[in-house]
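**Student:** One file: my_file29.txt (compact mmCIF, C-alpha atoms).
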# COMPACT_ATOMS: atom_id res chain seq x y z
CA MET A 1 -5.57 14.48 33.31
CA ASN A 2 -8.02 13.71 30.47
CA PRO A 3 -7.81 10.15 29.20
CA VAL A 4 -6.89 8.98 25.72
CA ILE A 5 -9.79 7.00 24.23
CA ILE A 6 -9.52 4.38 21.51
CA LYS A 7 -12.72 3.33 19.78
CA PHE A 8 -13.03 0.54 17.21
CA TRP A 9 -15.39 1.18 14.29
CA GLY A 10 -14.18 -1.61 11.99
CA VAL A 11 -12.10 -4.65 12.94
CA ARG A 12 -12.45 -7.05 10.01
CA GLY A 13 -9.84 -7.75 7.36
CA SER A 14 -10.12 -8.04 3.60
CA ILE A 15 -13.86 -7.51 3.01
CA PRO A 16 -16.91 -6.49 5.04
CA THR A 17 -18.71 -9.52 6.45
CA PRO A 18 -22.18 -8.57 7.67
CA GLY A 19 -24.53 -11.29 8.86
CA PRO A 20 -25.58 -13.34 11.85
CA ARG A 21 -22.20 -15.13 12.12
CA THR A 22 -20.28 -11.92 12.85
CA LEU A 23 -22.76 -10.02 15.00
CA ARG A 24 -20.69 -9.81 18.16
CA TYR A 25 -17.34 -8.73 16.68
CA GLY A 26 -18.77 -6.93 13.66
CA GLY A 27 -18.22 -7.14 9.94
CA ASN A 28 -16.90 -3.69 9.05
CA THR A 29 -13.35 -3.31 7.77
CA ALA A 30 -10.55 -1.43 9.53
CA CYS A 31 -11.23 1.89 11.21
CA VAL A 32 -10.04 3.02 14.64
CA GLU A 33 -10.63 6.39 16.27
CA ILE A 34 -8.24 7.77 18.87
CA THR A 35 -9.21 10.83 20.88
CA PHE A 36 -6.36 12.67 22.53
CA PRO A 37 -7.12 15.62 24.81
CA ASP A 38 -7.22 19.02 23.12
CA THR A 39 -6.41 17.87 19.59
CA PRO A 40 -8.49 17.06 16.52
CA ARG A 41 -9.44 13.41 16.57
CA PHE A 42 -7.18 10.81 14.96
CA ILE A 43 -8.80 8.29 12.60
CA ILE A 44 -6.71 5.32 11.62
CA ASP A 45 -7.73 3.71 8.34
CA ALA A 46 -10.93 4.26 6.42
CA GLY A 47 -12.42 0.82 5.91
CA SER A 48 -16.20 0.46 5.91
CA GLY A 49 -16.24 1.19 9.67
CA ILE A 50 -15.59 4.89 9.01
CA ARG A 51 -19.16 5.24 7.71
CA GLU A 52 -20.68 4.74 11.16
CA LEU A 53 -18.05 7.02 12.71
CA GLY A 54 -19.05 9.68 10.18
CA LYS A 55 -22.69 9.41 11.21
CA GLU A 56 -21.78 9.84 14.86
CA LEU A 57 -19.59 12.87 14.11
CA LEU A 58 -22.42 14.54 12.22
CA SER A 59 -24.81 13.88 15.09
CA ILE A 60 -22.61 16.01 17.38
CA GLN A 61 -23.58 18.97 15.16
CA GLN A 62 -20.26 20.75 15.50
CA PRO A 63 -17.58 21.34 12.87
CA VAL A 64 -15.46 18.24 12.50
CA GLU A 65 -11.69 18.37 12.33
CA ALA A 66 -9.68 15.17 12.10
CA TYR A 67 -6.41 13.61 11.01
CA ILE A 68 -6.97 10.51 8.91
CA PHE A 69 -4.01 8.12 8.79
CA LEU A 70 -4.12 5.50 6.06
CA SER A 71 -1.82 2.55 6.68
CA HIS A 72 -2.05 1.58 3.00
CA PHE A 73 -4.54 1.56 0.19
CA HIS A 74 -5.88 -1.96 -0.04
CA TRP A 75 -9.67 -1.82 -0.31
CA ASP A 76 -10.37 -2.81 3.26
CA HIS A 77 -8.53 0.31 4.46
CA ILE A 78 -10.03 2.93 2.16
CA GLN A 79 -13.40 1.65 0.96
CA GLY A 80 -15.37 3.60 3.57
CA LEU A 81 -13.97 6.99 2.65
CA PRO A 82 -16.49 7.73 -0.15
CA PHE A 83 -19.25 7.10 2.45
CA PHE A 84 -17.73 9.31 5.14
CA LYS A 85 -20.41 12.00 5.28
CA PRO A 86 -18.48 14.67 7.23
CA ALA A 87 -16.07 14.91 4.27
CA PHE A 88 -18.94 16.22 2.13
CA GLU A 89 -19.90 19.02 4.54
CA PRO A 90 -18.38 22.49 4.12
CA GLY A 91 -16.76 23.79 7.27
CA ASN A 92 -15.19 20.46 8.23
CA LYS A 93 -11.44 19.98 7.95
CA PHE A 94 -9.37 16.85 7.34
CA ILE A 95 -5.74 16.07 6.78
CA ILE A 96 -5.20 12.68 5.14
CA PHE A 97 -1.80 11.11 5.80
CA GLY A 98 -0.46 8.22 3.74
CA CYS A 99 2.45 6.91 1.78
CA ASP A 100 2.26 7.69 -1.92
CA GLU A 101 3.62 5.64 -4.81
CA PRO A 102 6.72 6.70 -6.76
CA ASN A 103 4.49 7.48 -9.76
CA VAL A 104 1.12 8.24 -8.14
CA PRO A 105 0.65 11.12 -5.68
CA LEU A 106 -1.45 10.60 -2.56
CA ASP A 107 -4.46 12.66 -3.69
CA GLN A 108 -4.69 10.64 -6.89
CA ILE A 109 -4.46 7.35 -5.03
CA ILE A 110 -7.50 8.41 -3.03
CA SER A 111 -9.44 9.93 -5.91
CA ILE A 112 -8.97 6.92 -8.20
CA GLN A 113 -11.46 4.90 -6.18
CA MET A 114 -13.99 7.70 -6.76
CA ASN A 115 -13.48 7.66 -10.51
CA PRO A 116 -16.94 7.59 -12.19
CA ILE A 117 -16.25 4.06 -13.43
CA TYR A 118 -16.29 2.83 -9.84
CA PHE A 119 -18.36 5.40 -7.95
CA PRO A 120 -20.88 8.07 -8.95
CA VAL A 121 -19.63 10.80 -6.60
CA ALA A 122 -16.26 12.43 -7.27
CA ILE A 123 -13.71 13.53 -4.70
CA GLU A 124 -14.35 17.10 -5.87
CA ASP A 125 -17.86 16.71 -4.41
CA MET A 126 -16.34 16.46 -0.96
CA ARG A 127 -16.94 20.04 0.14
CA SER A 128 -14.95 19.94 3.34
CA GLU A 129 -11.38 21.23 3.43
CA ILE A 130 -9.13 18.25 2.68
CA GLU A 131 -5.35 18.38 2.73
CA PHE A 132 -3.20 15.43 1.65
CA ARG A 133 0.11 14.91 3.41
CA THR A 134 2.55 12.31 2.12
CA ILE A 135 4.47 10.44 4.76
CA ALA A 136 7.08 7.67 4.75
CA GLU A 137 8.99 6.06 7.60
CA GLU A 138 9.44 9.07 9.88
CA ASN A 139 8.78 10.78 13.19
CA PHE A 140 6.85 14.03 13.65
CA ASN A 141 4.67 15.97 16.07
CA LEU A 142 1.05 16.83 15.53
CA ASN A 143 -0.65 19.08 18.10
CA GLY A 144 1.24 17.53 20.99
CA VAL A 145 1.01 13.96 19.72
CA ASN A 146 4.24 12.34 18.58
CA VAL A 147 3.68 10.18 15.50
CA GLN A 148 6.20 7.55 14.50
CA THR A 149 5.74 5.45 11.38
CA LYS A 150 7.34 2.22 10.23
CA TYR A 151 7.21 0.18 7.04
CA LEU A 152 5.59 -3.19 7.66
CA ASN A 153 5.94 -6.56 5.97
CA HIS A 154 2.87 -6.50 3.74
CA PRO A 155 2.52 -6.15 -0.03
CA GLY A 156 3.21 -2.59 -1.22
CA TYR A 157 3.93 0.44 0.93
CA THR A 158 2.31 -0.26 4.30
CA LEU A 159 2.86 1.80 7.42
CA GLY A 160 2.52 0.98 11.08
CA PHE A 161 1.92 3.85 13.51
CA ARG A 162 3.01 4.69 17.02
CA PHE A 163 1.14 7.55 18.67
CA GLN A 164 2.57 8.96 21.86
CA TYR A 165 0.80 11.55 23.97
CA ASP A 166 2.39 12.52 27.25
CA HIS A 167 3.40 9.08 28.58
CA LYS A 168 0.63 7.18 26.82
CA SER A 169 1.33 5.25 23.66
CA ILE A 170 -0.73 3.32 21.14
CA VAL A 171 0.80 1.20 18.41
CA TYR A 172 -1.25 0.19 15.37
CA LEU A 173 0.15 -2.59 13.18
CA SER A 174 -2.89 -3.71 11.27
CA ASP A 175 -1.47 -5.58 8.26
CA ASN A 176 1.82 -7.21 9.10
CA GLU A 177 3.43 -10.60 8.53
CA PRO A 178 6.51 -12.19 10.04
CA PHE A 179 9.55 -12.16 7.77
CA LEU A 180 10.24 -15.57 6.23
CA GLN A 181 12.12 -17.94 8.52
CA ASN A 182 14.57 -20.67 7.61
CA GLN A 183 14.66 -20.00 3.91
CA ILE A 184 18.34 -19.23 3.72
CA VAL A 185 21.07 -20.53 2.86
CA HIS A 186 24.00 -18.72 1.36
CA ARG A 187 26.40 -21.25 -0.06
CA LEU A 188 29.86 -20.03 0.69
CA PRO A 189 33.30 -21.55 0.41
CA LYS A 190 33.76 -23.99 3.27
CA HIS A 191 36.27 -21.91 5.19
CA ARG A 192 33.91 -18.92 5.23
CA GLU A 193 30.70 -20.77 5.94
CA GLU A 194 30.59 -20.45 9.67
CA SER A 195 31.73 -16.88 9.91
CA LEU A 196 29.61 -15.35 7.17
CA GLU A 197 26.64 -17.58 6.55
CA SER A 198 25.51 -17.83 10.12
CA ARG A 199 25.65 -14.06 10.45
CA PHE A 200 23.30 -13.68 7.49
CA GLU A 201 20.75 -15.80 9.27
CA THR A 202 20.23 -13.01 11.77
CA PHE A 203 18.31 -11.04 9.16
CA VAL A 204 14.87 -12.14 10.38
CA GLU A 205 15.96 -11.64 13.97
CA ASP A 206 17.22 -8.12 13.16
CA LYS A 207 13.95 -7.15 11.47
CA GLU A 208 11.97 -8.44 14.43
CA LYS A 209 14.21 -6.55 16.82
CA GLU A 210 13.48 -3.32 14.92
CA LEU A 211 9.75 -3.99 15.18
CA ILE A 212 9.95 -4.77 18.89
CA GLU A 213 11.80 -1.50 19.47
CA PHE A 214 9.01 0.29 17.61
CA LEU A 215 6.22 -1.19 19.73
CA ALA A 216 8.11 -1.49 23.01
CA ASN A 217 6.24 -0.62 26.20
CA ALA A 218 3.12 0.53 24.38
CA ASP A 219 0.04 0.94 26.54
CA VAL A 220 -1.98 -0.65 23.77
CA LEU A 221 -0.73 -2.71 20.82
CA ILE A 222 -3.27 -3.29 18.05
CA HIS A 223 -1.87 -6.07 15.88
CA ASP A 224 -2.91 -8.26 12.98
CA ALA A 225 -3.95 -11.68 14.33
CA GLN A 226 -5.86 -13.01 11.36
CA TYR A 227 -4.94 -16.68 11.48
CA PHE A 228 -4.44 -19.79 13.54
CA PRO A 229 -0.88 -21.10 13.03
CA ASP A 230 -2.13 -23.97 10.83
CA GLU A 231 -4.09 -21.58 8.63
CA TYR A 232 -1.09 -19.31 8.36
CA LYS A 233 1.06 -22.14 6.97
CA LYS A 234 -1.27 -22.20 3.96
CA ARG A 235 -1.30 -18.41 3.66
CA ILE A 236 2.31 -17.44 3.92
CA ARG A 237 3.00 -14.36 1.77
CA TRP A 238 -0.57 -13.13 2.13
CA GLY A 239 0.68 -10.29 4.34
CA HIS A 240 -0.93 -11.27 7.66
CA SER A 241 -0.03 -12.90 10.96
CA PRO A 242 -1.02 -15.84 13.08
CA TYR A 243 -2.17 -14.78 16.56
CA THR A 244 0.95 -16.44 18.01
CA TYR A 245 3.16 -13.82 16.34
CA ALA A 246 1.06 -10.96 17.76
CA VAL A 247 1.29 -12.48 21.24
CA ASP A 248 5.04 -13.07 21.00
CA LEU A 249 5.65 -9.49 19.88
CA ALA A 250 3.54 -8.22 22.80
CA VAL A 251 5.57 -10.28 25.25
CA LYS A 252 8.95 -9.34 23.80
CA GLY A 253 7.98 -5.68 23.59
CA LYS A 254 6.51 -5.70 27.11
CA VAL A 255 3.34 -3.96 26.00
CA LYS A 256 0.59 -3.42 28.55
CA GLU A 257 -2.43 -4.52 26.52
CA LEU A 258 -2.81 -6.47 23.28
CA ILE A 259 -5.73 -6.07 20.88
CA LEU A 260 -6.09 -8.76 18.23
CA PHE A 261 -7.15 -7.08 14.98
CA HIS A 262 -7.99 -7.64 11.30
CA HIS A 263 -10.17 -10.71 11.80
CA ASP A 264 -10.38 -13.14 8.93
CA PRO A 265 -13.56 -12.73 6.86
CA ASP A 266 -14.17 -16.48 7.14
CA HIS A 267 -13.96 -16.46 10.94
CA ASP A 268 -17.31 -16.32 12.71
CA ASP A 269 -17.74 -15.00 16.26
CA GLU A 270 -16.97 -18.38 17.85
CA THR A 271 -13.74 -18.67 15.86
CA VAL A 272 -12.62 -15.20 16.93
CA ASP A 273 -13.51 -16.17 20.53
CA LYS A 274 -11.18 -19.14 20.13
CA ILE A 275 -8.31 -16.97 18.85
CA GLU A 276 -8.81 -14.63 21.79
CA GLN A 277 -8.84 -17.51 24.26
CA LEU A 278 -5.73 -19.18 22.79
CA SER A 279 -3.90 -15.84 22.78
CA GLN A 280 -4.70 -15.34 26.47
CA GLU A 281 -3.44 -18.86 27.18
CA ARG A 282 -0.21 -18.22 25.30
CA LEU A 283 0.33 -15.03 27.32
CA ARG A 284 -0.18 -16.96 30.55
CA GLN A 285 2.25 -19.65 29.37
CA ALA A 286 4.79 -16.92 28.70
CA ASP A 287 4.22 -15.75 32.26
CA TYR A 288 3.09 -12.41 30.90
CA PRO A 289 -0.68 -12.33 31.59
CA ILE A 290 -1.55 -8.89 30.25
CA LYS A 291 -5.01 -7.90 29.14
CA CYS A 292 -5.70 -9.29 25.67
CA SER A 293 -8.89 -9.13 23.65
CA ALA A 294 -10.09 -9.51 20.12
CA ALA A 295 -11.15 -6.13 18.73
CA ARG A 296 -14.90 -5.66 18.55
CA GLU A 297 -16.89 -2.97 16.79
CA GLY A 298 -17.92 -0.35 19.32
CA MET A 299 -15.28 -1.42 21.86
CA GLU A 300 -13.65 1.45 23.73
CA ILE A 301 -10.38 1.51 25.64
CA GLU A 302 -9.43 4.30 27.97
CA ILE A 303 -5.81 4.98 28.83
CA MET B 304 33.48 6.68 -37.33
CA ASN B 305 30.34 8.71 -36.76
CA MET B 306 29.93 11.06 -33.82
CA ASP B 307 27.43 8.86 -31.97
CA VAL B 308 29.74 5.87 -31.96
CA LYS B 309 32.68 8.04 -30.82
CA GLU B 310 30.58 9.54 -28.05
CA ASN B 311 29.50 6.09 -26.95
CA ILE B 312 33.07 4.82 -26.77
CA ARG B 313 34.14 7.92 -24.88
CA LYS B 314 31.34 7.45 -22.33
CA ARG B 315 32.11 3.76 -21.87
CA LEU B 316 35.81 4.47 -21.38
CA ASN B 317 35.06 7.22 -18.89
CA ARG B 318 32.72 4.91 -17.06
CA ALA B 319 35.30 2.12 -16.91
CA LEU B 320 38.00 4.50 -15.71
CA ARG B 321 35.86 6.22 -13.13
CA SER B 322 34.35 3.09 -11.68
CA LYS B 323 36.28 2.28 -8.52
CA TYR B 324 34.28 -0.82 -7.74
CA ASP B 325 31.74 -3.14 -9.35
CA VAL B 326 28.83 -3.22 -6.95
CA LEU B 327 27.27 -0.66 -4.60
CA ILE B 328 24.97 -1.98 -1.85
CA VAL B 329 22.39 0.45 -0.44
CA ASP B 330 20.82 -0.84 2.78
CA ASP B 331 19.93 1.09 5.93
CA ASN B 332 20.91 -1.92 8.05
CA GLN B 333 24.67 -1.55 8.33
CA GLU B 334 25.27 -5.13 9.45
CA GLN B 335 23.31 -6.57 6.52
CA ALA B 336 24.91 -4.15 4.08
CA ASN B 337 28.37 -5.08 5.26
CA LEU B 338 27.61 -8.81 5.14
CA THR B 339 26.36 -8.52 1.56
CA LYS B 340 29.56 -6.62 0.70
CA LEU B 341 31.74 -9.34 2.29
CA LEU B 342 29.80 -12.02 0.46
CA ILE B 343 30.24 -10.32 -2.89
CA GLU B 344 33.93 -9.71 -2.25
CA GLU B 345 34.31 -13.38 -1.39
CA TYR B 346 33.47 -14.08 -5.00
CA GLY B 347 36.10 -11.72 -6.35
CA PHE B 348 34.16 -8.52 -6.98
CA LYS B 349 34.90 -5.07 -5.63
CA ALA B 350 32.02 -3.71 -3.57
CA GLN B 351 31.07 -0.79 -1.34
CA PHE B 352 28.02 -0.10 0.76
CA LEU B 353 26.00 2.95 1.77
CA THR B 354 23.40 3.12 4.56
CA ASP B 355 21.94 6.56 3.75
CA SER B 356 19.86 5.98 0.64
CA SER B 357 19.30 9.72 0.11
CA LYS B 358 22.98 10.03 -0.89
CA ALA B 359 22.92 7.03 -3.21
CA LEU B 360 22.06 8.72 -6.50
CA GLU B 361 24.89 11.21 -6.10
CA LYS B 362 27.33 8.41 -5.27
CA ILE B 363 26.20 6.33 -8.23
CA GLN B 364 26.62 9.37 -10.50
CA SER B 365 30.15 9.99 -9.27
CA ASP B 366 31.42 6.41 -8.81
CA GLN B 367 29.59 4.74 -11.69
CA PRO B 368 29.33 1.20 -10.28
CA SER B 369 28.00 -1.29 -12.82
CA VAL B 370 25.53 -2.89 -10.43
CA VAL B 371 23.57 -1.46 -7.50
CA ILE B 372 21.89 -3.66 -4.91
CA LEU B 373 18.98 -1.94 -3.16
CA ASP B 374 17.04 -2.75 -0.04
CA LEU B 375 13.35 -1.74 -0.29
CA MET B 376 12.22 -0.49 3.11
CA MET B 377 14.64 2.35 3.89
CA PRO B 378 13.63 5.46 5.83
CA GLU B 379 15.56 8.12 3.92
CA LEU B 380 14.52 7.07 0.44
CA ASP B 381 12.90 3.70 -0.22
CA GLY B 382 14.41 1.30 -2.74
CA LEU B 383 11.60 1.55 -5.27
CA ARG B 384 11.84 5.33 -5.51
CA LEU B 385 15.62 5.13 -5.69
CA CYS B 386 15.41 2.49 -8.43
CA ARG B 387 13.11 4.77 -10.40
CA GLN B 388 15.50 7.71 -9.94
CA ILE B 389 18.46 5.62 -11.11
CA LYS B 390 16.61 4.34 -14.14
CA THR B 391 15.31 7.76 -15.18
CA SER B 392 18.47 9.81 -14.65
CA LYS B 393 20.49 10.34 -17.81
CA ASP B 394 23.74 9.71 -15.93
CA THR B 395 22.72 6.47 -14.30
CA TYR B 396 20.01 4.79 -16.34
CA LYS B 397 22.39 2.11 -17.60
CA THR B 398 23.29 1.04 -14.07
CA LYS B 399 21.92 -2.42 -13.36
CA VAL B 400 19.68 -2.63 -10.32
CA ILE B 401 19.09 -5.66 -8.13
CA ILE B 402 16.43 -5.34 -5.44
CA TYR B 403 17.45 -7.38 -2.39
CA SER B 404 14.82 -7.08 0.30
CA GLY B 405 13.04 -9.03 3.00
CA LYS B 406 9.74 -8.34 1.24
CA MET B 407 8.58 -11.53 -0.40
CA TYR B 408 5.50 -10.53 -2.31
CA ASP B 409 4.92 -11.00 -6.02
CA SER B 410 3.23 -7.60 -6.24
CA ASP B 411 6.39 -5.91 -4.92
CA ARG B 412 8.48 -7.89 -7.40
CA ARG B 413 6.23 -6.83 -10.28
CA LYS B 414 6.32 -3.21 -9.16
CA ALA B 415 10.13 -3.26 -8.92
CA ILE B 416 10.42 -4.64 -12.46
CA GLN B 417 7.95 -1.99 -13.62
CA PHE B 418 10.26 0.70 -12.20
CA GLY B 419 13.21 -0.74 -14.10
CA ALA B 420 14.83 -3.20 -11.67
CA ASP B 421 16.86 -5.85 -13.47
CA ALA B 422 16.40 -8.50 -10.78
CA PHE B 423 14.63 -9.08 -7.46
CA PHE B 424 15.74 -11.41 -4.67
CA VAL B 425 14.14 -12.04 -1.30
CA LYS B 426 16.60 -11.63 1.54
CA PRO B 427 18.40 -13.76 2.52
CA THR B 428 18.80 -15.66 -0.75
CA ARG B 429 21.29 -18.27 -1.82
CA ALA B 430 24.63 -16.64 -2.52
CA ASN B 431 25.09 -18.47 -5.80
CA ARG B 432 21.86 -16.98 -7.16
CA LEU B 433 22.89 -13.46 -6.22
CA ILE B 434 26.42 -13.91 -7.54
CA SER B 435 25.23 -15.47 -10.82
CA LYS B 436 22.97 -12.50 -11.36
CA ILE B 437 25.77 -10.03 -10.64
CA LYS B 438 28.01 -11.87 -13.13
CA GLU B 439 25.23 -11.76 -15.70
CA LEU B 440 24.67 -8.03 -15.20
CA LEU B 441 28.28 -6.89 -15.11
CA PRO B 442 29.87 -5.84 -18.39
CA SER B 443 31.80 -8.83 -19.78
CA THR B 444 35.17 -7.10 -19.47
CA THR B 445 34.76 -6.67 -15.70
CA TYR B 446 34.56 -10.33 -14.88
CA GLN B 447 37.17 -12.25 -16.77
CA ASN B 448 38.60 -14.66 -14.24
CA GLU B 449 37.03 -17.16 -11.92
CA PRO B 450 37.10 -16.01 -8.30
CA CYS B 451 40.11 -16.97 -6.24
CA HIS B 452 38.41 -19.60 -4.10
CA ASN B 453 37.38 -21.88 -6.99
Do you think you could lay out the structure here as structure tokens?

**Tutor:**
Amino acid sequence: MNPVIIKFWGVRGSIPTPGPRTLRYGGNTACVEITFPDTPRFIIDAGSGIRELGKELLSIQQPVEAYIFLSHFHWDHIQGLPFFKPAFEPGNKFIIFGCDEPNVPLDQIISIQMNPIYFPVAIEDMRSEIEFRTIAEENFNLNGVNVQTKYLNHPGYTLGFRFQYDHKSIVYLSDNEPFLQNQIVHRLPKHREESLESRFETFVEDKEKELIEFLANADVLIHDAQYFPDEYKKRIRWGHSPYTYAVDLAVKGKVKELILFHHDPDHDDETVDKIEQLSQERLRQADYPIKCSAAREGMEIEI
Amino acid sequence: MNMDVKENIRKRLNRALRSKYDVLIVDDNQEQANLTKLLIEEYGFKAQFLTDSSKALEKIQSDQPSVVILDLMMPELDGLRLCRQIKTSKDTYKTKVIIYSGKMYDSDRRKAIQFGADAFFVKPTRANRLISKIKELLPSTTYQNEPCHN
């Protein structure tokens, strides 16, 4: 049977970080390509990494058809789209999936960043066939690939994706933060304290359980691992995770491979090496020594 | 008495008569929804909950609760969209909306207020904060006595 191939075109969070300090892992923002057999390719997020992917697709010199899934619309997930050359070529076809806003439809969300104030080329100049499809938290099939989506803990509407083809599954949770711990407490009348208050404290546990169910047994989990735990303490409510959370989710969900993603723009290659090494150590300590690596531009995984 | 005033009184009376309870909780997590209901009842209010957010607007239209507590991340219809529907429907726009969600971001709070929410609490919050807000938002006639446990 033909393999499923995952290729990383952009792995950085927040802002592109070119330069000698990020040469090995790369400085382009989020973009991942998944090739399933006999279906148009899947592109997850359109950070600056999608530009290089576009160049490669054009070099194949065949009509391009792809599904583009946008987890959300923060710059680092859409900023490459105006530079995605295949979108400008007639004969190519794209369906863009994303979660719209209650008062802004999906096509407008995308076209706003190509308003002449910000960019000289308009979305109307994209001559390929582009369809916009609004999605929320749901489950649907696309050419033999089952797509499941889940709202994540990140500012605004942010979706995580689970792609399942045959018995192979990939889960992409790029921008995700643990729910706040220990911030309770409901003050109840004394006689009710134990029975009610303690049950409320399961909220964080319940939310984590839902997430673990979503990612359970994935062949590959791609998860936000932007910070060291000490850094995270200073960046709570920024919408991202310490690597320890990514590792713990992988263990609890019994995934087969963990990819650490959305590297901090201030982390150079040696720092990302360190996060990778500490994550591998934590997996060993948990007696769950699965394959774990920090995502790198150009890296390919075959399932 | 002019027609507008009469109409207003008629609507308020109808609302008071039709309202079977004070607070409706909309949360896709049944356990959390039920716990919030029990908590609110502990303080002397009547409450109900609903886990299917797509049926919420209809229920609010028919039951006319004074306050609705909404979770944000719900699969059928998310809390922000539902809040907007409540606040733009002629039958429900006066309903007070409290967003009660695990999402803890200022941008979500600002967006909720922009769509008409009257309050925003990060889950789980202190009960006294939630209850004080409910008291503040309920019409004064609904909450006359201190709750039984005080």

**Student:** Residues near Thr17 in chain A, anyone? I mean within 10 Å using all atoms listed in the file, not counting same-chain ones fewer than 5 positions away, as a PyMOL selection string.

**Tutor:** chain A and resi 12+22-23+26-29+264-268

**Student:** Pick from B:Pro368, B:Gly382, B:Gly347, B:Pro442: nearest to Arg412 in chain B, with only C-alpha atoms counted?

**Tutor:**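 Selected residue with least distance to Arg412 in chain B: B:Gly382.
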
**Student:** Identify, on the basis of all atoms listed in the file, every residue whose closest approach to Gly253 in chain A does not exceed 12 Å; exclude the query and any residue fewer than 6 positions from it along the same chain; express the result as a PyMOL selection string.

**Tutor:** chain A and resi 171+208-221+245-247+288

**Student:** What separation in Å, quoted to one decimal, exists between CA of Gly298 in chain A and CA of His262 in chain A?

**Tutor:**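 Separation between CA of Gly298 in chain A and CA of His262 in chain A: 14.7 Å.
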
**Student:** Using all atoms listed in the file and a cutoff of 9 Å, can you tell me which residues are near (1.5, 7.2, 13.6) in the file's coordinates, and write them out as a ChimeraX atom specification?

**Tutor:** /A:44,69,71,138-140,146-150,159-164,170-172

**Student:** My list of candidates is A:Ala122, A:Ile275, A:Val104, A:Leu260. Which is closest to chain B when distances are computed with all atoms listed in the file?

**Tutor:**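 Between A:Ala122, A:Ile275, A:Val104, A:Leu260, the residue approaching chain B most closely is A:Val104.
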
**Student:** Check every residue of chain B for an atom within 8 Å of chain A, counting all atoms listed in the file, and provide those that qualify as a ChimeraX atom specification.

**Tutor:** /B:335,338,342,376-379,383-384,387,405-408,410-411,426-431,452

**Student:** So what do you get for CA of Phe423 in chain B versus CA of Leu441 in chain B, distance-wise?

**Tutor:**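 CA of Leu441 in chain B lies at a distance of 15.8 Å from CA of Phe423 in chain B.
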